[in-house]
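Shown here: model24.pdb, PDB, C-alpha atoms and all ligand atoms.
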```pdb
MODEL        1
ATOM      1  CA  MET F   1    -223.620-116.105 104.660
ATOM      2  CA  ILE F   2    -219.916-116.555 103.925
ATOM      3  CA  ASP F   3    -218.436-116.525 107.417
ATOM      4  CA  ARG F   4    -219.617-119.391 109.581
ATOM      5  CA  PRO F   5    -217.228-119.718 112.567
ATOM      6  CA  ARG F   6    -219.359-122.580 113.865
ATOM      7  CA  ARG F   7    -218.059-124.787 111.022
ATOM      8  CA  LEU F   8    -214.809-125.173 112.954
ATOM      9  CA  ARG F   9    -216.650-126.142 116.131
ATOM     10  CA  GLN F  10    -218.875-128.881 114.717
ATOM     11  CA  SER F  11    -217.112-131.896 116.257
ATOM     12  CA  ALA F  12    -214.538-132.810 118.868
ATOM     13  CA  ALA F  13    -212.139-133.766 116.067
ATOM     14  CA  MET F  14    -212.525-130.391 114.352
ATOM     15  CA  ARG F  15    -212.170-128.493 117.625
ATOM     16  CA  ALA F  16    -209.023-130.422 118.466
ATOM     17  CA  LEU F  17    -207.584-129.637 115.043
ATOM     18  CA  VAL F  18    -207.994-125.886 115.398
ATOM     19  CA  ARG F  19    -207.374-125.447 119.125
ATOM     20  CA  GLU F  20    -204.839-122.633 119.522
ATOM     21  CA  THR F  21    -203.658-123.482 123.023
ATOM     22  CA  GLN F  22    -202.339-126.810 124.278
ATOM     23  CA  LEU F  23    -201.457-127.829 127.809
ATOM     24  CA  PRO F  24    -198.532-130.230 127.570
ATOM     25  CA  ALA F  25    -197.577-132.145 130.703
ATOM     26  CA  ALA F  26    -193.956-131.176 130.093
ATOM     27  CA  SER F  27    -194.855-127.501 130.578
ATOM     28  CA  MET F  28    -196.049-128.053 134.146
ATOM     29  CA  ILE F  29    -194.132-127.931 137.419
ATOM     30  CA  LEU F  30    -195.464-129.614 140.571
ATOM     31  CA  PRO F  31    -194.875-127.719 143.857
ATOM     32  CA  MET F  32    -194.310-129.973 146.879
ATOM     33  CA  PHE F  33    -193.847-129.595 150.630
ATOM     34  CA  VAL F  34    -191.463-131.637 152.761
ATOM     35  CA  ARG F  35    -191.260-131.996 156.531
ATOM     36  CA  ASP F  36    -189.311-134.349 158.786
ATOM     37  CA  ILE F  37    -192.243-136.655 159.560
ATOM     38  CA  ASP F  38    -192.906-140.383 159.379
ATOM     39  CA  ALA F  39    -195.982-140.219 157.163
ATOM     40  CA  PRO F  40    -197.549-137.534 154.962
ATOM     41  CA  VAL F  41    -199.839-135.012 156.668
ATOM     42  CA  ALA F  42    -202.892-133.600 154.882
ATOM     43  CA  ILE F  43    -203.189-129.825 154.441
ATOM     44  CA  SER F  44    -206.830-129.158 155.306
ATOM     45  CA  SER F  45    -207.126-125.948 153.291
ATOM     46  CA  MET F  46    -205.666-127.659 150.197
ATOM     47  CA  PRO F  47    -207.590-130.918 149.762
ATOM     48  CA  GLY F  48    -205.391-133.466 148.004
ATOM     49  CA  VAL F  49    -202.101-131.718 148.845
ATOM     50  CA  VAL F  50    -199.879-132.975 151.669
ATOM     51  CA  GLN F  51    -196.775-132.192 153.641
ATOM     52  CA  HIS F  52    -194.549-135.035 152.520
ATOM     53  CA  SER F  53    -192.220-137.266 154.484
ATOM     54  CA  PHE F  54    -188.906-137.915 152.721
ATOM     55  CA  ALA F  55    -190.164-141.272 151.459
ATOM     56  CA  SER F  56    -193.494-140.010 150.128
ATOM     57  CA  LEU F  57    -191.738-136.979 148.628
ATOM     58  CA  ALA F  58    -189.360-139.149 146.648
ATOM     59  CA  ALA F  59    -192.201-141.382 145.475
ATOM     60  CA  ALA F  60    -194.404-138.449 144.420
ATOM     61  CA  ALA F  61    -191.551-136.764 142.550
ATOM     62  CA  LEU F  62    -190.844-139.972 140.674
ATOM     63  CA  GLU F  63    -194.543-140.361 139.903
ATOM     64  CA  ALA F  64    -194.626-136.814 138.493
ATOM     65  CA  LYS F  65    -191.646-137.580 136.310
ATOM     66  CA  GLN F  66    -193.132-140.837 135.070
ATOM     67  CA  CYS F  67    -196.396-139.070 134.196
ATOM     68  CA  GLY F  68    -194.462-136.594 132.060
ATOM     69  CA  VAL F  69    -194.695-133.568 134.358
ATOM     70  CA  GLY F  70    -191.907-131.132 133.441
ATOM     71  CA  GLY F  71    -190.406-130.753 136.884
ATOM     72  CA  VAL F  72    -190.986-130.352 140.605
ATOM     73  CA  MET F  73    -190.491-127.448 142.995
ATOM     74  CA  LEU F  74    -189.739-127.933 146.670
ATOM     75  CA  PHE F  75    -190.672-125.997 149.812
ATOM     76  CA  GLY F  76    -189.295-127.052 153.190
ATOM     77  CA  VAL F  77    -191.240-126.989 156.456
ATOM     78  CA  PRO F  78    -188.646-126.859 159.241
ATOM     79  CA  ALA F  79    -189.110-128.021 162.821
ATOM     80  CA  GLU F  80    -187.244-125.031 164.234
ATOM     81  CA  ARG F  81    -187.383-121.380 163.179
ATOM     82  CA  ASP F  82    -185.300-118.409 164.207
ATOM     83  CA  GLU F  83    -184.920-114.695 163.480
ATOM     84  CA  GLN F  84    -182.408-115.305 160.688
ATOM     85  CA  GLY F  85    -184.077-118.348 159.169
ATOM     86  CA  SER F  86    -180.753-120.125 159.616
ATOM     87  CA  GLU F  87    -181.944-123.585 158.687
ATOM     88  CA  ALA F  88    -182.526-122.375 155.108
ATOM     89  CA  CYS F  89    -178.773-122.236 154.591
ATOM     90  CA  GLU F  90    -177.854-125.489 156.317
ATOM     91  CA  PRO F  91    -176.824-128.499 154.227
ATOM     92  CA  SER F  92    -178.522-130.644 156.879
ATOM     93  CA  GLY F  93    -181.695-128.502 156.821
ATOM     94  CA  ILE F  94    -185.086-129.766 155.707
ATOM     95  CA  LEU F  95    -184.940-128.247 152.228
ATOM     96  CA  ALA F  96    -181.489-129.590 151.350
ATOM     97  CA  ARG F  97    -182.403-133.023 152.693
ATOM     98  CA  GLY F  98    -185.605-133.045 150.670
ATOM     99  CA  LEU F  99    -183.764-132.004 147.515
ATOM    100  CA  ARG F 100    -181.289-134.834 147.954
ATOM    101  CA  ALA F 101    -184.143-137.316 148.414
ATOM    102  CA  ILE F 102    -185.820-136.111 145.229
ATOM    103  CA  ARG F 103    -182.626-136.080 143.200
ATOM    104  CA  GLN F 104    -181.845-139.605 144.242
ATOM    105  CA  ALA F 105    -185.301-140.752 143.147
ATOM    106  CA  VAL F 106    -185.554-138.951 139.798
ATOM    107  CA  GLY F 107    -182.006-139.227 138.472
ATOM    108  CA  ASP F 108    -179.714-136.623 136.998
ATOM    109  CA  ASP F 109    -181.477-134.447 134.483
ATOM    110  CA  TYR F 110    -184.994-134.025 135.777
ATOM    111  CA  ILE F 111    -185.994-130.457 136.714
ATOM    112  CA  VAL F 112    -185.831-129.978 140.467
ATOM    113  CA  CYS F 113    -186.453-126.406 141.580
ATOM    114  CA  ALA F 114    -185.734-125.136 145.103
ATOM    115  CA  ASP F 115    -187.747-122.281 146.590
ATOM    116  CA  ILE F 116    -185.204-119.657 147.585
ATOM    117  CA  CYS F 117    -186.839-117.574 150.295
ATOM    118  CA  LEU F 118    -186.627-117.324 154.079
ATOM    119  CA  ASP F 119    -190.304-117.137 155.020
ATOM    120  CA  GLU F 120    -190.722-120.798 155.949
ATOM    121  CA  PHE F 121    -187.611-120.579 158.113
ATOM    122  CA  THR F 122    -187.981-117.316 160.011
ATOM    123  CA  SER F 123    -189.675-117.056 163.415
ATOM    124  CA  HIS F 124    -191.401-113.852 162.228
ATOM    125  CA  GLY F 125    -192.491-115.342 158.895
ATOM    126  CA  HIS F 126    -191.077-112.602 156.662
ATOM    127  CA  CYS F 127    -189.252-113.412 153.444
ATOM    128  CA  GLY F 128    -186.088-111.714 154.665
ATOM    129  CA  VAL F 129    -184.140-110.886 157.793
ATOM    130  CA  LEU F 130    -185.183-107.853 159.823
ATOM    131  CA  THR F 131    -183.447-104.655 160.889
ATOM    132  CA  ALA F 132    -183.251-103.756 164.585
ATOM    133  CA  ASP F 133    -186.474-101.778 164.238
ATOM    134  CA  GLY F 134    -188.351-104.634 162.577
ATOM    135  CA  ARG F 135    -188.270-103.732 158.888
ATOM    136  CA  VAL F 136    -187.280-106.233 156.197
ATOM    137  CA  ASP F 137    -183.597-105.616 155.470
ATOM    138  CA  ASN F 138    -183.286-105.974 151.692
ATOM    139  CA  ASP F 139    -179.520-105.996 151.266
ATOM    140  CA  ALA F 140    -178.741-108.168 154.278
ATOM    141  CA  THR F 141    -181.286-110.686 152.987
ATOM    142  CA  LEU F 142    -179.469-111.028 149.655
ATOM    143  CA  ARG F 143    -176.515-112.726 151.347
ATOM    144  CA  HIS F 144    -178.852-115.320 152.858
ATOM    145  CA  TYR F 145    -180.464-116.028 149.483
ATOM    146  CA  ALA F 146    -177.020-116.401 147.907
ATOM    147  CA  ASP F 147    -175.902-118.909 150.562
ATOM    148  CA  MET F 148    -179.198-120.752 150.417
ATOM    149  CA  ALA F 149    -179.016-121.139 146.640
ATOM    150  CA  VAL F 150    -175.514-122.605 146.779
ATOM    151  CA  VAL F 151    -176.587-125.090 149.459
ATOM    152  CA  CYS F 152    -179.599-126.086 147.347
ATOM    153  CA  ALA F 153    -177.466-126.485 144.225
ATOM    154  CA  GLN F 154    -175.086-128.712 146.175
ATOM    155  CA  ALA F 155    -178.097-130.752 147.297
ATOM    156  CA  GLY F 156    -179.107-131.377 143.692
ATOM    157  CA  ALA F 157    -181.438-128.548 142.628
ATOM    158  CA  ASN F 158    -180.841-127.490 139.028
ATOM    159  CA  MET F 159    -183.274-124.571 139.171
ATOM    160  CA  MET F 160    -183.761-121.830 141.771
ATOM    161  CA  GLY F 161    -187.149-120.227 142.314
ATOM    162  CA  LEU F 162    -186.438-116.775 143.703
ATOM    163  CA  SER F 163    -189.692-115.888 145.443
ATOM    164  CA  GLY F 164    -188.653-113.324 148.057
ATOM    165  CA  MET F 165    -189.168-110.126 146.036
ATOM    166  CA  MET F 166    -186.021-108.448 147.378
ATOM    167  CA  ASP F 167    -184.446-105.932 145.001
ATOM    168  CA  GLY F 168    -181.269-107.322 143.453
ATOM    169  CA  GLN F 169    -181.965-110.953 144.386
ATOM    170  CA  VAL F 170    -181.439-112.352 140.895
ATOM    171  CA  GLY F 171    -178.020-110.749 140.499
ATOM    172  CA  ALA F 172    -176.897-111.764 143.983
ATOM    173  CA  VAL F 173    -177.910-115.397 143.512
ATOM    174  CA  ARG F 174    -176.484-115.580 139.986
ATOM    175  CA  GLU F 175    -173.119-114.344 141.180
ATOM    176  CA  ALA F 176    -173.013-116.762 144.111
ATOM    177  CA  LEU F 177    -173.988-119.730 141.948
ATOM    178  CA  ASP F 178    -171.384-118.858 139.326
ATOM    179  CA  ASP F 179    -168.665-118.385 141.953
ATOM    180  CA  ALA F 180    -169.477-121.824 143.346
ATOM    181  CA  GLY F 181    -169.262-123.428 139.905
ATOM    182  CA  PHE F 182    -173.003-123.703 139.250
ATOM    183  CA  GLN F 183    -173.141-121.764 135.972
ATOM    184  CA  ASP F 184    -175.721-124.178 134.569
ATOM    185  CA  VAL F 185    -178.232-123.818 137.387
ATOM    186  CA  VAL F 186    -181.278-121.979 136.039
ATOM    187  CA  ILE F 187    -182.859-118.970 137.721
ATOM    188  CA  LEU F 188    -186.638-118.888 137.713
ATOM    189  CA  ALA F 189    -187.337-115.362 138.894
ATOM    190  CA  TYR F 190    -190.630-114.551 140.576
ATOM    191  CA  SER F 191    -190.515-111.200 138.844
ATOM    192  CA  ALA F 192    -194.069-109.997 139.255
ATOM    193  CA  LYS F 193    -195.241-111.419 142.553
ATOM    194  CA  TYR F 194    -198.237-109.684 144.032
ATOM    195  CA  ALA F 195    -199.212-109.260 147.686
ATOM    196  CA  SER F 196    -202.178-111.585 147.341
ATOM    197  CA  ALA F 197    -204.964-112.771 149.622
ATOM    198  CA  PHE F 198    -204.906-116.027 147.660
ATOM    199  CA  TYR F 199    -201.728-117.225 149.414
ATOM    200  CA  GLY F 200    -203.858-118.051 152.479
ATOM    201  CA  PRO F 201    -203.851-121.860 152.206
ATOM    202  CA  PHE F 202    -200.079-121.907 151.510
ATOM    203  CA  ARG F 203    -199.487-120.268 154.850
ATOM    204  CA  GLU F 204    -201.159-123.287 156.460
ATOM    205  CA  ALA F 205    -199.145-125.625 154.251
ATOM    206  CA  VAL F 206    -195.853-124.222 155.554
ATOM    207  CA  GLN F 207    -197.232-123.343 159.007
ATOM    208  CA  SER F 208    -196.191-119.741 158.461
ATOM    209  CA  ARG F 209    -195.707-117.519 161.481
ATOM    210  CA  LEU F 210    -196.356-114.330 159.546
ATOM    211  CA  GLU F 211    -198.271-111.590 161.300
ATOM    212  CA  GLY F 212    -199.041-108.583 159.192
ATOM    213  CA  ASP F 213    -198.409-108.697 155.470
ATOM    214  CA  ARG F 214    -195.779-108.526 152.719
ATOM    215  CA  ARG F 215    -196.870-105.268 151.140
ATOM    216  CA  THR F 216    -193.472-103.596 151.479
ATOM    217  CA  TYR F 217    -191.910-106.137 149.131
ATOM    218  CA  GLN F 218    -194.597-107.873 147.081
ATOM    219  CA  GLN F 219    -196.387-105.825 144.430
ATOM    220  CA  ASP F 220    -199.605-103.904 144.890
ATOM    221  CA  PRO F 221    -202.463-105.676 143.055
ATOM    222  CA  GLY F 222    -203.450-102.401 141.412
ATOM    223  CA  ASN F 223    -200.208-102.060 139.490
ATOM    224  CA  ARG F 224    -199.729-103.259 135.926
ATOM    225  CA  ARG F 225    -196.869-101.231 134.432
ATOM    226  CA  GLU F 226    -194.732-101.767 137.520
ATOM    227  CA  ALA F 227    -194.606-105.479 136.672
ATOM    228  CA  MET F 228    -192.722-104.645 133.483
ATOM    229  CA  ARG F 229    -190.153-102.767 135.535
ATOM    230  CA  GLU F 230    -189.666-105.820 137.754
ATOM    231  CA  VAL F 231    -189.351-108.090 134.716
ATOM    232  CA  ARG F 232    -186.811-105.760 133.093
ATOM    233  CA  LEU F 233    -184.671-105.592 136.240
ATOM    234  CA  ASP F 234    -184.677-109.373 136.637
ATOM    235  CA  LEU F 235    -183.659-109.885 133.017
ATOM    236  CA  GLU F 236    -180.849-107.367 133.398
ATOM    237  CA  GLN F 237    -179.602-109.401 136.366
ATOM    238  CA  GLY F 238    -179.646-112.678 134.471
ATOM    239  CA  ALA F 239    -183.046-114.292 135.016
ATOM    240  CA  ASP F 240    -183.496-117.285 132.709
ATOM    241  CA  ILE F 241    -187.253-117.551 133.194
ATOM    242  CA  VAL F 242    -189.600-114.863 134.539
ATOM    243  CA  MET F 243    -192.705-115.676 136.524
ATOM    244  CA  VAL F 244    -195.993-114.008 137.327
ATOM    245  CA  LYS F 245    -197.810-114.964 140.524
ATOM    246  CA  PRO F 246    -200.707-115.496 141.236
ATOM    247  CA  ALA F 247    -201.972-116.519 137.796
ATOM    248  CA  LEU F 248    -205.716-116.274 137.184
ATOM    249  CA  PRO F 249    -206.318-112.844 138.733
ATOM    250  CA  TYR F 250    -203.256-111.575 136.808
ATOM    251  CA  LEU F 251    -203.738-112.818 133.239
ATOM    252  CA  ASP F 252    -203.118-109.293 131.940
ATOM    253  CA  ILE F 253    -199.711-109.317 133.610
ATOM    254  CA  ILE F 254    -198.900-112.705 132.072
ATOM    255  CA  ALA F 255    -199.818-111.368 128.634
ATOM    256  CA  ASP F 256    -197.743-108.219 129.151
ATOM    257  CA  THR F 257    -194.767-110.267 130.352
ATOM    258  CA  HIS F 258    -194.996-112.571 127.348
ATOM    259  CA  ALA F 259    -195.110-109.592 124.989
ATOM    260  CA  SER F 260    -192.269-107.676 126.589
ATOM    261  CA  SER F 261    -189.663-110.395 127.160
ATOM    262  CA  ASP F 262    -187.775-112.938 125.090
ATOM    263  CA  VAL F 263    -187.336-115.593 127.771
ATOM    264  CA  PRO F 264    -189.839-118.282 128.789
ATOM    265  CA  VAL F 265    -192.676-117.001 130.975
ATOM    266  CA  ALA F 266    -193.979-119.006 133.924
ATOM    267  CA  ALA F 267    -197.109-118.508 136.003
ATOM    268  CA  TYR F 268    -197.910-119.973 139.416
ATOM    269  CA  VAL F 269    -201.494-121.074 140.000
ATOM    270  CA  ILE F 270    -201.280-120.601 143.744
ATOM    271  CA  SER F 271    -202.838-122.268 146.755
ATOM    272  CA  GLY F 272    -205.940-120.076 146.928
ATOM    273  CA  GLU F 273    -206.652-120.558 143.244
ATOM    274  CA  TYR F 274    -206.352-124.304 143.781
ATOM    275  CA  SER F 275    -208.512-124.342 146.890
ATOM    276  CA  MET F 276    -211.306-122.236 145.401
ATOM    277  CA  ILE F 277    -211.842-124.734 142.612
ATOM    278  CA  GLU F 278    -211.482-127.716 144.943
ATOM    279  CA  ALA F 279    -213.981-126.255 147.411
ATOM    280  CA  ALA F 280    -216.571-125.388 144.772
ATOM    281  CA  ALA F 281    -216.161-128.833 143.197
ATOM    282  CA  GLU F 282    -216.544-130.523 146.579
ATOM    283  CA  LYS F 283    -219.853-128.731 147.001
ATOM    284  CA  GLY F 284    -220.924-129.964 143.595
ATOM    285  CA  TRP F 285    -221.123-126.430 142.233
ATOM    286  CA  ILE F 286    -218.698-126.888 139.338
ATOM    287  CA  ASP F 287    -217.339-129.756 137.261
ATOM    288  CA  ARG F 288    -213.934-130.228 138.843
ATOM    289  CA  ARG F 289    -211.991-131.632 135.920
ATOM    290  CA  ALA F 290    -213.465-129.223 133.378
ATOM    291  CA  ALA F 291    -212.799-126.247 135.664
ATOM    292  CA  ILE F 292    -209.177-127.281 136.220
ATOM    293  CA  MET F 293    -208.522-127.778 132.516
ATOM    294  CA  GLU F 294    -210.195-124.471 131.638
ATOM    295  CA  ALA F 295    -208.266-122.558 134.298
ATOM    296  CA  LEU F 296    -204.884-123.989 133.302
ATOM    297  CA  THR F 297    -205.572-123.583 129.580
ATOM    298  CA  SER F 298    -206.458-119.928 130.205
ATOM    299  CA  VAL F 299    -203.122-119.340 131.899
ATOM    300  CA  ARG F 300    -201.343-120.838 128.878
ATOM    301  CA  ARG F 301    -203.517-118.836 126.481
ATOM    302  CA  ALA F 302    -202.578-115.619 128.277
ATOM    303  CA  GLY F 303    -198.924-116.325 127.518
ATOM    304  CA  ALA F 304    -197.457-118.661 130.129
ATOM    305  CA  ASP F 305    -195.048-121.230 128.695
ATOM    306  CA  ILE F 306    -194.696-122.930 132.063
ATOM    307  CA  ILE F 307    -197.380-123.425 134.726
ATOM    308  CA  VAL F 308    -196.602-124.201 138.336
ATOM    309  CA  THR F 309    -199.632-126.081 139.636
ATOM    310  CA  TYR F 310    -200.595-128.478 142.415
ATOM    311  CA  TRP F 311    -202.681-130.348 139.808
ATOM    312  CA  ALA F 312    -199.670-131.152 137.592
ATOM    313  CA  THR F 313    -199.515-134.918 138.121
ATOM    314  CA  GLU F 314    -203.250-135.444 137.940
ATOM    315  CA  VAL F 315    -203.576-133.379 134.765
ATOM    316  CA  ALA F 316    -200.635-135.228 133.219
ATOM    317  CA  GLN F 317    -202.468-138.486 133.949
ATOM    318  CA  TRP F 318    -205.630-137.183 132.291
ATOM    319  CA  LEU F 319    -203.638-136.154 129.235
ATOM    320  CA  LYS F 320    -202.075-139.604 129.064
ATOM    321  CA  GLU F 321    -205.469-141.262 129.215
ATOM    322  CA  GLY F 322    -206.452-138.975 126.368
ATOM    323  CA  LYS F 323    -209.366-137.507 128.258
TER     324      LYS F 323
HETATM  325  C1  LIG F 401    -192.836-117.347 149.616
HETATM  326  C2  LIG F 401    -193.856-118.073 148.829
HETATM  327  C3  LIG F 401    -195.241-118.018 148.959
HETATM  328  C4  LIG F 401    -195.757-118.865 148.003
HETATM  329  C5  LIG F 401    -194.704-119.424 147.331
HETATM  330  N1  LIG F 401    -193.534-118.904 147.837
HETATM  331  C6  LIG F 401    -196.096-117.365 149.946
HETATM  332  C7  LIG F 401    -196.055-115.933 150.194
HETATM  333  O1  LIG F 401    -195.451-115.151 149.456
HETATM  334  O2  LIG F 401    -196.648-115.574 151.196
HETATM  335  C8  LIG F 401    -197.228-119.105 147.785
HETATM  336  C9  LIG F 401    -197.582-120.299 146.975
HETATM  337  C10 LIG F 401    -199.018-120.600 147.028
HETATM  338  O3  LIG F 401    -199.817-119.853 147.613
HETATM  339  O4  LIG F 401    -199.401-121.627 146.445
HETATM  340  N2  LIG F 401    -191.689-118.122 149.801
ENDMDL
END
```
Would you mind giving the structure from this file in structure tokens?
Ligand code: PBG
Amino acid sequence: MIDRPRRLRQSAAMRALVRETQLPAASMILPMFVRDIDAPVAISSMPGVVQHSFASLAAAALEAKQCGVGGVMLFGVPAERDEQGSEACEPSGILARGLRAIRQAVGDDYIVCADICLDEFTSHGHCGVLTADGRVDNDATLRHYADMAVVCAQAGANMMGLSGMMDGQVGAVREALDDAGFQDVVILAYSAKYASAFYGPFREAVQSRLEGDRRTYQQDPGNRREAMREVRLDLEQGADIVMVKPALPYLDIIADTHASSDVPVAAYVISGEYSMIEAAAEKGWIDRRAAIMEALTSVRRAGADIIVTYWATEVAQWLKEGK
């Protein structure tokens, strides 16, 4: 026998030497939730994840930075919601206040990404404003995203996560940022975002009011080639990084995106993906740490340069300990 692949698997040292895929802490982004509260509140469907107060938010962002996590991403949970999601565009709104708290804690250059979308802020829970007859008004929504991005940049965000899946959102936000003097703010485009059942726990995290679904703007899970159209359009409009979301059920899309673009590719391991592993581990059905490392490594292996994950800080700590 000449070929013995097992030779390269004989010891931990040999396996480490030939491992094709690494999971550096610097490639991970930690998503966080902020609310105007005195102390953090647990999110029951996402064990270990909380709605932060301003103080705990700042501390957790600093901890992420000190552990080597690449950056943080912020979602705001407002006290008041209205038809237009007005608080999203207010400098005194929850998101802008949270961004300022993070920026103050982590200093100038750390990656702080703002979620640019209206769904947490609208009384109807949709990602955009509605027409008189209740449909999501794509073009009217773009103006809100543009205003929101400028407010977030002023509050200290140096990256914008465009998660609303409105056509033309990347171009609209890029133009507004440039006009306001924020040429260096990076656009992380949620290019291929699917209408997924796995967002369930996130809706609790942001206390979403959504009734119905997002199928008129997020992609149909059955579509693969359409994702490449979305990626192409976002790149034409100036996306700096393109993202696929969710991650694990869409590894083929991550691989396609990696192959078809020349910008960094991100993938978001979403709430439901997180909660499934946490729940199974809690029941003792899987080895929690091994399952997390395997899942995240698989997302990297498929072609993601950047992973957005609620486990970012913990995994960074494991990597530091050398475990
Ligand atoms: C929309 C948004 C969603 C998530 C991130 N941004 C929810 C949705 O589209 O319904 C989901 C993140 C997660 O599930 O972890 N602004």
I need the residue nearest Leu62 of chain F from this list: F:Arg229, F:Tyr268, F:Thr313, F:Ala13. Use only C-alpha atoms for the distance. F:Thr313
Under the rule that all atoms listed in the file are counted, which of F:Asp305, F:Asp234, F:Glu211, F:Asp179 is the nearest residue to ligand LIG 401 (chain F)?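 Using all atoms listed in the file, ligand LIG 401 (chain F) sits closest to F:Glu211.
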Could you check how far atom CA of Ser298 of chain F sits from atom CA of Ile116 of chain F, in Å to one decimal? 27.5 Å
Kindly indicate which residue among F:Val34, F:Leu142, F:Met228, F:Val106 lies nearest to Leu162 of chain F, using only C-alpha atoms for the distances.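 Closest to Leu162 of chain F, using only C-alpha atoms: F:Leu142.
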Surroundings of ligand LIG 401 (chain F) up to 10 Å, based on only C-alpha atoms and all ligand atoms, as a ChimeraX atom specification: /F:31-32,46,74-76,115-121,125-128,161-165,190,193-206,208,210,213-214,217-218,245-246,268-275,308-310
Preceding selection exported with C-alpha atoms as an mmCIF file, in the coordinates of the input:
```cif
data_model
loop_
_atom_site.group_PDB
_atom_site.id
_atom_site.type_symbol
_atom_site.label_atom_id
_atom_site.label_comp_id
_atom_site.auth_asym_id
_atom_site.auth_seq_id
_atom_site.Cartn_x
_atom_site.Cartn_y
_atom_site.Cartn_z
ATOM 1 C CA PRO F 31 -194.875 -127.719 143.857
ATOM 2 C CA MET F 32 -194.310 -129.973 146.879
ATOM 3 C CA MET F 46 -205.666 -127.659 150.197
ATOM 4 C CA LEU F 74 -189.739 -127.933 146.670
ATOM 5 C CA PHE F 75 -190.672 -125.997 149.812
ATOM 6 C CA GLY F 76 -189.295 -127.052 153.190
ATOM 7 C CA ASP F 115 -187.747 -122.281 146.590
ATOM 8 C CA ILE F 116 -185.204 -119.657 147.585
ATOM 9 C CA CYS F 117 -186.839 -117.574 150.295
ATOM 10 C CA LEU F 118 -186.627 -117.324 154.079
ATOM 11 C CA ASP F 119 -190.304 -117.137 155.020
ATOM 12 C CA GLU F 120 -190.722 -120.798 155.949
ATOM 13 C CA PHE F 121 -187.611 -120.579 158.113
ATOM 14 C CA GLY F 125 -192.491 -115.342 158.895
ATOM 15 C CA HIS F 126 -191.077 -112.602 156.662
ATOM 16 C CA CYS F 127 -189.252 -113.412 153.444
ATOM 17 C CA GLY F 128 -186.088 -111.714 154.665
ATOM 18 C CA GLY F 161 -187.149 -120.227 142.314
ATOM 19 C CA LEU F 162 -186.438 -116.775 143.703
ATOM 20 C CA SER F 163 -189.692 -115.888 145.443
ATOM 21 C CA GLY F 164 -188.653 -113.324 148.057
ATOM 22 C CA MET F 165 -189.168 -110.126 146.036
ATOM 23 C CA TYR F 190 -190.630 -114.551 140.576
ATOM 24 C CA LYS F 193 -195.241 -111.419 142.553
ATOM 25 C CA TYR F 194 -198.237 -109.684 144.032
ATOM 26 C CA ALA F 195 -199.212 -109.260 147.686
ATOM 27 C CA SER F 196 -202.178 -111.585 147.341
ATOM 28 C CA ALA F 197 -204.964 -112.771 149.622
ATOM 29 C CA PHE F 198 -204.906 -116.027 147.660
ATOM 30 C CA TYR F 199 -201.728 -117.225 149.414
ATOM 31 C CA GLY F 200 -203.858 -118.051 152.479
ATOM 32 C CA PRO F 201 -203.851 -121.860 152.206
ATOM 33 C CA PHE F 202 -200.079 -121.907 151.510
ATOM 34 C CA ARG F 203 -199.487 -120.268 154.850
ATOM 35 C CA GLU F 204 -201.159 -123.287 156.460
ATOM 36 C CA ALA F 205 -199.145 -125.625 154.251
ATOM 37 C CA VAL F 206 -195.853 -124.222 155.554
ATOM 38 C CA SER F 208 -196.191 -119.741 158.461
ATOM 39 C CA LEU F 210 -196.356 -114.330 159.546
ATOM 40 C CA ASP F 213 -198.409 -108.697 155.470
ATOM 41 C CA ARG F 214 -195.779 -108.526 152.719
ATOM 42 C CA TYR F 217 -191.910 -106.137 149.131
ATOM 43 C CA GLN F 218 -194.597 -107.873 147.081
ATOM 44 C CA LYS F 245 -197.810 -114.964 140.524
ATOM 45 C CA PRO F 246 -200.707 -115.496 141.236
ATOM 46 C CA TYR F 268 -197.910 -119.973 139.416
ATOM 47 C CA VAL F 269 -201.494 -121.074 140.000
ATOM 48 C CA ILE F 270 -201.280 -120.601 143.744
ATOM 49 C CA SER F 271 -202.838 -122.268 146.755
ATOM 50 C CA GLY F 272 -205.940 -120.076 146.928
ATOM 51 C CA GLU F 273 -206.652 -120.558 143.244
ATOM 52 C CA TYR F 274 -206.352 -124.304 143.781
ATOM 53 C CA SER F 275 -208.512 -124.342 146.890
ATOM 54 C CA VAL F 308 -196.602 -124.201 138.336
ATOM 55 C CA THR F 309 -199.632 -126.081 139.636
ATOM 56 C CA TYR F 310 -200.595 -128.478 142.415
#
```
